[in-house]
$ cat model.cif   # mmCIF, C-alpha atoms
data_run
#
loop_
_atom_site.group_PDB
_atom_site.id
_atom_site.type_symbol
_atom_site.label_atom_id
_atom_site.label_comp_id
_atom_site.auth_asym_id
_atom_site.auth_seq_id
_atom_site.Cartn_x
_atom_site.Cartn_y
_atom_site.Cartn_z
ATOM 1 C CA MET H 260 158.113 53.937 35.810
ATOM 2 C CA SER H 261 156.811 56.231 38.502
ATOM 3 C CA THR H 262 157.633 55.648 42.148
ATOM 4 C CA THR H 263 156.118 56.854 45.380
ATOM 5 C CA LEU H 264 158.995 59.199 46.105
ATOM 6 C CA ARG H 265 160.429 61.512 43.495
ATOM 7 C CA GLU H 266 164.118 60.895 42.995
ATOM 8 C CA PRO H 267 166.148 64.112 42.835
ATOM 9 C CA LEU H 268 168.534 64.964 40.061
ATOM 10 C CA PRO H 269 172.020 63.448 40.409
ATOM 11 C CA ARG H 270 174.301 65.670 42.469
ATOM 12 C CA PRO H 271 178.112 65.614 42.220
ATOM 13 C CA PRO H 272 179.600 64.173 45.445
ATOM 14 C CA TRP H 273 181.602 67.317 46.155
ATOM 15 C CA VAL H 274 178.610 69.680 46.370
ATOM 16 C CA VAL H 275 177.534 68.984 49.961
ATOM 17 C CA PRO H 276 181.089 69.030 51.413
ATOM 18 C CA ALA H 277 181.769 72.232 49.475
ATOM 19 C CA VAL H 278 178.620 73.906 50.817
ATOM 20 C CA ILE H 279 179.498 72.867 54.380
ATOM 21 C CA ALA H 280 183.048 74.156 53.931
ATOM 22 C CA LEU H 281 181.840 77.441 52.437
ATOM 23 C CA THR H 282 179.720 78.141 55.521
ATOM 24 C CA ALA H 283 183.022 78.579 57.361
ATOM 25 C CA ILE H 284 183.596 81.875 55.526
ATOM 26 C CA PRO H 285 180.493 83.858 56.637
ATOM 27 C CA VAL H 286 180.763 82.351 60.120
ATOM 28 C CA PHE H 287 184.353 83.510 60.514
ATOM 29 C CA VAL H 288 183.659 86.927 58.980
ATOM 30 C CA ALA H 289 180.619 87.495 61.221
ATOM 31 C CA PHE H 290 182.537 86.621 64.376
ATOM 32 C CA TRP H 291 185.512 88.686 63.192
ATOM 33 C CA ILE H 292 183.340 91.747 62.592
ATOM 34 C CA GLY H 293 181.736 91.111 65.959
ATOM 35 C CA GLY H 294 185.153 91.334 67.586
ATOM 36 C CA ASN H 295 185.675 87.653 68.319
ATOM 37 C CA PRO H 296 187.830 86.217 65.508
ATOM 38 C CA ALA H 297 189.188 83.385 67.655
ATOM 39 C CA LEU H 298 185.712 82.005 68.266
ATOM 40 C CA GLY H 299 184.926 82.519 64.582
ATOM 41 C CA ALA H 300 187.996 80.523 63.638
ATOM 42 C CA ALA H 301 186.942 77.741 65.984
ATOM 43 C CA TRP H 302 183.447 77.526 64.489
ATOM 44 C CA ALA H 303 184.903 77.724 60.970
ATOM 45 C CA ALA H 304 187.242 74.871 61.854
ATOM 46 C CA VAL H 305 184.246 72.791 62.931
ATOM 47 C CA SER H 306 182.655 73.379 59.513
ATOM 48 C CA LEU H 307 185.878 72.442 57.725
ATOM 49 C CA VAL H 308 186.344 69.271 59.775
ATOM 50 C CA LEU H 309 182.735 68.261 59.081
ATOM 51 C CA ALA H 310 183.184 68.977 55.367
ATOM 52 C CA GLY H 311 186.374 66.922 55.331
ATOM 53 C CA ALA H 312 184.696 64.028 57.081
ATOM 54 C CA VAL H 313 181.833 64.045 54.585
ATOM 55 C CA ALA H 314 184.166 64.373 51.602
ATOM 56 C CA LEU H 315 186.688 61.744 52.705
ATOM 57 C CA GLY H 316 184.365 59.448 54.593
ATOM 58 C CA GLY H 317 185.226 56.378 52.547
ATOM 59 C CA ARG H 318 182.655 53.863 51.426
ATOM 60 C CA SER H 319 180.276 54.165 54.366
ATOM 61 C CA GLU H 320 176.667 54.253 53.163
ATOM 62 C CA THR H 321 175.835 56.805 55.832
ATOM 63 C CA ILE H 322 178.564 59.129 54.563
ATOM 64 C CA ARG H 323 177.373 58.530 51.009
ATOM 65 C CA LEU H 324 173.862 59.564 52.057
ATOM 66 C CA LEU H 325 175.281 62.603 53.867
ATOM 67 C CA ARG H 326 176.919 63.615 50.591
ATOM 68 C CA GLY H 327 173.444 63.682 49.087
ATOM 69 C CA ASP H 328 174.040 60.648 46.915
ATOM 70 C CA HIS H 329 170.370 59.646 46.764
ATOM 71 C CA ASP H 330 170.477 57.164 43.942
ATOM 72 C CA ASP H 331 167.251 55.291 44.622
ATOM 73 C CA GLU H 332 163.900 55.495 46.376
ATOM 74 C CA ARG H 333 165.118 53.988 49.663
ATOM 75 C CA SER H 334 167.865 56.567 50.079
ATOM 76 C CA VAL H 335 165.310 59.310 49.389
ATOM 77 C CA ALA H 336 162.991 57.782 52.002
ATOM 78 C CA LEU H 337 165.875 57.597 54.495
ATOM 79 C CA GLU H 338 166.685 61.247 53.848
ATOM 80 C CA HIS H 339 163.039 62.217 54.468
ATOM 81 C CA GLN H 340 162.938 60.228 57.721
ATOM 82 C CA ALA H 341 166.246 61.716 58.860
ATOM 83 C CA LEU H 342 164.954 65.219 58.125
ATOM 84 C CA THR H 343 161.803 64.468 60.114
ATOM 85 C CA ILE H 344 163.858 63.324 63.107
ATOM 86 C CA THR H 345 166.126 66.363 62.754
ATOM 87 C CA SER H 346 163.193 68.770 62.707
ATOM 88 C CA LEU H 347 161.671 67.034 65.727
ATOM 89 C CA VAL H 348 164.913 67.346 67.709
ATOM 90 C CA LEU H 349 165.286 71.002 66.717
ATOM 91 C CA THR H 350 161.668 71.730 67.679
ATOM 92 C CA VAL H 351 162.081 70.096 71.084
ATOM 93 C CA ALA H 352 165.327 72.041 71.628
ATOM 94 C CA LEU H 353 163.630 75.308 70.651
ATOM 95 C CA VAL H 354 160.697 74.656 72.978
ATOM 96 C CA GLY H 355 163.166 73.916 75.781
ATOM 97 C CA LEU H 356 165.128 77.103 75.104
ATOM 98 C CA PHE H 357 161.877 79.089 74.867
ATOM 99 C CA LEU H 358 160.727 77.783 78.257
ATOM 100 C CA ALA H 359 164.174 78.342 79.788
ATOM 101 C CA ALA H 360 164.123 81.941 78.574
ATOM 102 C CA ALA H 361 160.677 82.431 80.092
ATOM 103 C CA LEU H 362 161.858 80.968 83.397
ATOM 104 C CA ARG H 363 164.784 83.423 83.406
ATOM 105 C CA GLY H 364 162.352 86.294 82.970
ATOM 106 C CA GLU H 365 163.374 86.905 79.338
ATOM 107 C CA ASN H 366 160.909 87.271 76.472
ATOM 108 C CA GLY H 367 162.433 84.430 74.413
ATOM 109 C CA LEU H 368 161.480 86.305 71.271
ATOM 110 C CA VAL H 369 164.020 84.615 69.007
ATOM 111 C CA TYR H 370 162.977 81.117 70.057
ATOM 112 C CA GLY H 371 159.293 81.982 69.833
ATOM 113 C CA LEU H 372 159.673 83.436 66.359
ATOM 114 C CA LEU H 373 161.652 80.403 65.202
ATOM 115 C CA LEU H 374 158.923 78.111 66.540
ATOM 116 C CA LEU H 375 156.278 80.176 64.745
ATOM 117 C CA LEU H 376 158.345 80.038 61.562
ATOM 118 C CA GLY H 377 158.554 76.258 61.893
ATOM 119 C CA GLU H 378 154.813 75.920 62.448
ATOM 120 C CA ALA H 379 154.011 78.252 59.556
ATOM 121 C CA THR H 380 156.403 76.387 57.251
ATOM 122 C CA HIS H 381 154.885 73.070 58.278
ATOM 123 C CA ALA H 382 151.336 74.316 57.639
ATOM 124 C CA VAL H 383 152.185 75.866 54.265
ATOM 125 C CA ALA H 384 154.132 72.782 53.192
ATOM 126 C CA LEU H 385 151.226 70.516 54.139
ATOM 127 C CA GLY H 386 148.805 72.724 52.224
ATOM 128 C CA VAL H 387 150.949 72.845 49.091
ATOM 129 C CA LEU H 388 151.801 69.145 49.166
ATOM 130 C CA ASN H 389 148.156 68.275 49.787
ATOM 131 C CA ARG H 390 147.053 70.252 46.732
ATOM 132 C CA ARG H 391 149.776 68.677 44.609
ATOM 133 C CA GLY H 392 148.437 65.287 45.670
ATOM 134 C CA VAL L 213 154.813 42.919 54.069
ATOM 135 C CA ASP L 214 156.727 39.668 53.607
ATOM 136 C CA ASN L 215 158.419 38.788 50.309
ATOM 137 C CA ASP L 216 160.180 36.056 48.368
ATOM 138 C CA VAL L 217 162.816 38.255 46.757
ATOM 139 C CA ARG L 218 165.752 36.465 48.386
ATOM 140 C CA GLU L 219 164.497 33.026 47.323
ATOM 141 C CA LEU L 220 163.715 34.162 43.786
ATOM 142 C CA ARG L 221 167.088 35.892 43.446
ATOM 143 C CA ALA L 222 168.984 32.911 44.819
ATOM 144 C CA GLY L 223 167.019 30.602 42.550
ATOM 145 C CA ARG L 224 168.394 32.495 39.568
ATOM 146 C CA GLY L 225 171.918 32.516 40.943
ATOM 147 C CA LEU L 226 172.041 36.292 41.133
ATOM 148 C CA SER L 227 173.897 38.437 43.622
ATOM 149 C CA GLN L 228 172.154 41.297 45.373
ATOM 150 C CA ALA L 229 174.265 43.699 43.315
ATOM 151 C CA GLN L 230 173.200 42.069 40.048
ATOM 152 C CA LEU L 231 169.513 42.260 40.968
ATOM 153 C CA ALA L 232 169.999 45.831 42.147
ATOM 154 C CA GLY L 233 171.501 46.749 38.792
ATOM 155 C CA ALA L 234 168.653 45.066 36.932
ATOM 156 C CA VAL L 235 166.006 47.173 38.688
ATOM 157 C CA SER L 236 168.134 50.326 39.075
ATOM 158 C CA VAL L 237 168.440 50.514 42.850
ATOM 159 C CA SER L 238 171.351 50.119 45.251
ATOM 160 C CA ARG L 239 172.528 46.770 46.620
ATOM 161 C CA GLN L 240 171.649 48.030 50.085
ATOM 162 C CA THR L 241 168.045 48.549 48.981
ATOM 163 C CA ILE L 242 167.777 44.952 47.780
ATOM 164 C CA ASN L 243 169.263 43.781 51.085
ATOM 165 C CA ALA L 244 166.802 45.939 53.035
ATOM 166 C CA ILE L 245 163.868 44.543 51.038
ATOM 167 C CA GLU L 246 165.012 40.945 51.494
ATOM 168 C CA THR L 247 165.397 41.370 55.234
ATOM 169 C CA GLY L 248 162.050 43.137 55.573
ATOM 170 C CA ARG L 249 163.551 46.426 56.715
ATOM 171 C CA TYR L 250 162.197 48.305 53.707
ATOM 172 C CA THR L 251 158.906 48.026 51.859
ATOM 173 C CA PRO L 252 159.429 49.074 48.243
ATOM 174 C CA SER L 253 157.231 51.521 46.398
ATOM 175 C CA LEU L 254 154.587 50.137 44.057
ATOM 176 C CA GLY L 255 156.827 50.964 41.101
ATOM 177 C CA LEU L 256 159.788 49.037 42.463
ATOM 178 C CA ALA L 257 157.577 46.144 43.571
ATOM 179 C CA ILE L 258 156.211 45.867 40.026
ATOM 180 C CA ALA L 259 159.725 46.099 38.576
ATOM 181 C CA LEU L 260 160.917 43.282 40.821
ATOM 182 C CA ALA L 261 157.884 41.145 40.048
ATOM 183 C CA ARG L 262 158.306 41.684 36.299
ATOM 184 C CA PHE L 263 161.986 40.848 36.540
ATOM 185 C CA PHE L 264 161.120 37.489 38.082
ATOM 186 C CA GLY L 265 158.197 36.922 35.718
ATOM 187 C CA ARG L 266 155.720 36.912 38.575
ATOM 188 C CA THR L 267 152.854 39.084 39.752
ATOM 189 C CA VAL L 268 153.358 41.466 42.635
ATOM 190 C CA GLU L 269 151.126 39.301 44.822
ATOM 191 C CA GLU L 270 153.305 36.276 44.101
ATOM 192 C CA VAL L 271 156.415 38.101 45.291
ATOM 193 C CA PHE L 272 155.040 40.249 48.106
ATOM 194 C CA HIS L 273 152.676 38.931 50.746
ATOM 195 C CA VAL L 274 150.552 41.053 53.037
ATOM 196 C CA ASP L 275 149.753 39.497 56.387
ATOM 197 C CA ASP L 276 145.993 40.143 56.547
ATOM 198 C CA THR L 277 145.803 39.069 60.189
ATOM 199 C CA SER L 278 147.886 42.006 61.396
#

$ encode --input "model.cif" --output "structure tokens"
Amino acid sequence: MSTTLREPLPRPPWVVPAVIALTAIPVFVAFWIGGNPALGAAWAAVSLVLAGAVALGGRSETIRLLRGDHDDERSVALEHQALTITSLVLTVALVGLFLAAALRGENGLVYGLLLLLGEATHAVALGVLNRRG
Amino acid sequence: VDNDVRELRAGRGLSQAQLAGAVSVSRQTINAIETGRYTPSLGLAIALARFFGRTVEEVFHVDDTS
């Protein structure tokens, strides 16, 4: 029976924690190459702690959803709403950083480009999803 | 959208987990539907109605005044 929201393929519960933990490696290496291994280790530790919390978070439904355990339409809908809120917060933060850079007399190029990327992604996604019905 | 899922489930002596298993969703989803925090998709609404031997309109009620 079809539902409004497509349910993704089942994902083993270790995938999301593993991906979060693996981000610690490039983060540490980048900071190390940049001459700041201590800061890299600190950021890597944050990734590892987050991965551990997601992996060992017990029976909390929120942790289960964080692991990507979307086993029915409501959990998929919750994930979509959470992603919407996340993108809104990130957009507001980027706009704030863009304006702050302008006020400091900087060009704010990185923030501006990220905002343009977000807008372009949003427009393309709407177009594609609209055509797919 | 209001619904009679809790009454129908209780009338059959089922737990939320048992109903959830019957229509292939989580117990939390059944709880959210019963408490009005989640409006199910058409597919799930039909599955619930069929499970109880009712029509969708008999299980889910739209308040036309709102």

$ axis_aligned_box --input "model.cif" --around "segment 364-378 of chain H" --padding-each-side "6 Å" --output "AutoDock Vina command-line options"
--center_x 159.4 --center_y 81.6 --center_z 72.3 --size_x 21.2 --size_y 23.4 --size_z 33.4

$ resolve_selection --input "model.cif" --expression "the PyMOL selection byres ((chain L and resi 232-242) around 10)" --output "number ranges by chain"
H: 320, 329-334; L: 217-218, 226-231, 243-252, 256-260, 262-263

$ write_last_selection --input "model.cif" --atoms "C-alpha atoms" --output "mmCIF file, in the coordinates of the input"
data_model
loop_
_atom_site.group_PDB
_atom_site.id
_atom_site.type_symbol
_atom_site.label_atom_id
_atom_site.label_comp_id
_atom_site.auth_asym_id
_atom_site.auth_seq_id
_atom_site.Cartn_x
_atom_site.Cartn_y
_atom_site.Cartn_z
ATOM 1 C CA GLU H 320 176.667 54.253 53.163
ATOM 2 C CA HIS H 329 170.370 59.646 46.764
ATOM 3 C CA ASP H 330 170.477 57.164 43.942
ATOM 4 C CA ASP H 331 167.251 55.291 44.622
ATOM 5 C CA GLU H 332 163.900 55.495 46.376
ATOM 6 C CA ARG H 333 165.118 53.988 49.663
ATOM 7 C CA SER H 334 167.865 56.567 50.079
ATOM 8 C CA VAL L 217 162.816 38.255 46.757
ATOM 9 C CA ARG L 218 165.752 36.465 48.386
ATOM 10 C CA LEU L 226 172.041 36.292 41.133
ATOM 11 C CA SER L 227 173.897 38.437 43.622
ATOM 12 C CA GLN L 228 172.154 41.297 45.373
ATOM 13 C CA ALA L 229 174.265 43.699 43.315
ATOM 14 C CA GLN L 230 173.200 42.069 40.048
ATOM 15 C CA LEU L 231 169.513 42.260 40.968
ATOM 16 C CA ASN L 243 169.263 43.781 51.085
ATOM 17 C CA ALA L 244 166.802 45.939 53.035
ATOM 18 C CA ILE L 245 163.868 44.543 51.038
ATOM 19 C CA GLU L 246 165.012 40.945 51.494
ATOM 20 C CA THR L 247 165.397 41.370 55.234
ATOM 21 C CA GLY L 248 162.050 43.137 55.573
ATOM 22 C CA ARG L 249 163.551 46.426 56.715
ATOM 23 C CA TYR L 250 162.197 48.305 53.707
ATOM 24 C CA THR L 251 158.906 48.026 51.859
ATOM 25 C CA PRO L 252 159.429 49.074 48.243
ATOM 26 C CA LEU L 256 159.788 49.037 42.463
ATOM 27 C CA ALA L 257 157.577 46.144 43.571
ATOM 28 C CA ILE L 258 156.211 45.867 40.026
ATOM 29 C CA ALA L 259 159.725 46.099 38.576
ATOM 30 C CA LEU L 260 160.917 43.282 40.821
ATOM 31 C CA ARG L 262 158.306 41.684 36.299
ATOM 32 C CA PHE L 263 161.986 40.848 36.540
#

$ atom_distance --input "model.cif" --atom1 "atom CA of Gln340 of chain H" --atom2 "atom CA of Gly327 of chain H"
14.0 Å

$ atom_distance --input "model.cif" --atom1 "atom CA of Leu342 of chain H" --atom2 "atom CA of Asn215 of chain L"
28.3 Å

$ closest_residue --input "model.cif" --among "H:Leu373, H:Leu324, H:Ala361, H:Val354" --to "chain L" --atoms "all atoms listed in the file"
H:Leu324

$ closest_residue --input "model.cif" --among "H:Arg363, H:Arg390, H:Arg323, H:Arg270" --to "chain L" --atoms "only C-alpha atoms"
H:Arg323

$ residues_around --input "model.cif" --residues "Tyr370 of chain H" --least-positions-apart "2" --cutoff "6 Å" --atoms "only C-alpha atoms" --output "ChimeraX atom specification"
/H:353,357,367-368,372-373

$ closest_residue --input "model.cif" --among "H:Leu374, H:Leu337, H:Val274, H:Ile284" --to "chain L" --atoms "only C-alpha atoms"
H:Leu337

$ residues_around --input "model.cif" --residues "His273 of chain L" --least-positions-apart "4" --cutoff "9 Å" --atoms "all atoms listed in the file" --output "mmCIF file with C-alpha atoms, in the frame of the given file"
data_model
loop_
_atom_site.group_PDB
_atom_site.id
_atom_site.type_symbol
_atom_site.label_atom_id
_atom_site.label_comp_id
_atom_site.auth_asym_id
_atom_site.auth_seq_id
_atom_site.Cartn_x
_atom_site.Cartn_y
_atom_site.Cartn_z
ATOM 1 C CA VAL L 213 154.813 42.919 54.069
ATOM 2 C CA ASP L 214 156.727 39.668 53.607
ATOM 3 C CA ASN L 215 158.419 38.788 50.309
ATOM 4 C CA ASP L 216 160.180 36.056 48.368
ATOM 5 C CA VAL L 268 153.358 41.466 42.635
ATOM 6 C CA GLU L 269 151.126 39.301 44.822
#

$ atom_distance --input "model.cif" --atom1 "atom CA of His339 of chain H" --atom2 "atom CA of Ala352 of chain H"
19.9 Å

$ resolve_selection --input "model.cif" --expression "the PyMOL selection byres ((chain H and resi 276) around 6)" --output "MDAnalysis selection string"
chainID H and resid 273:275 277:279 310 313:314

$ residues_around --input "model.cif" --residues "Gly311 of chain H" --least-positions-apart "5" --cutoff "9 Å" --atoms "all atoms listed in the file" --output "list in words"
Pro276, Ala280, Ser306 and Gly316 of chain H

$ resolve_selection --input "model.cif" --expression "the PyMOL selection byres ((chain H and resi 377) around 12)" --output "JSON, numbers by chain"
{"H": [346, 347, 349, 350, 351, 353, 354, 370, 371, 372, 373, 374, 375, 376, 378, 379, 380, 381, 382, 383, 384]}
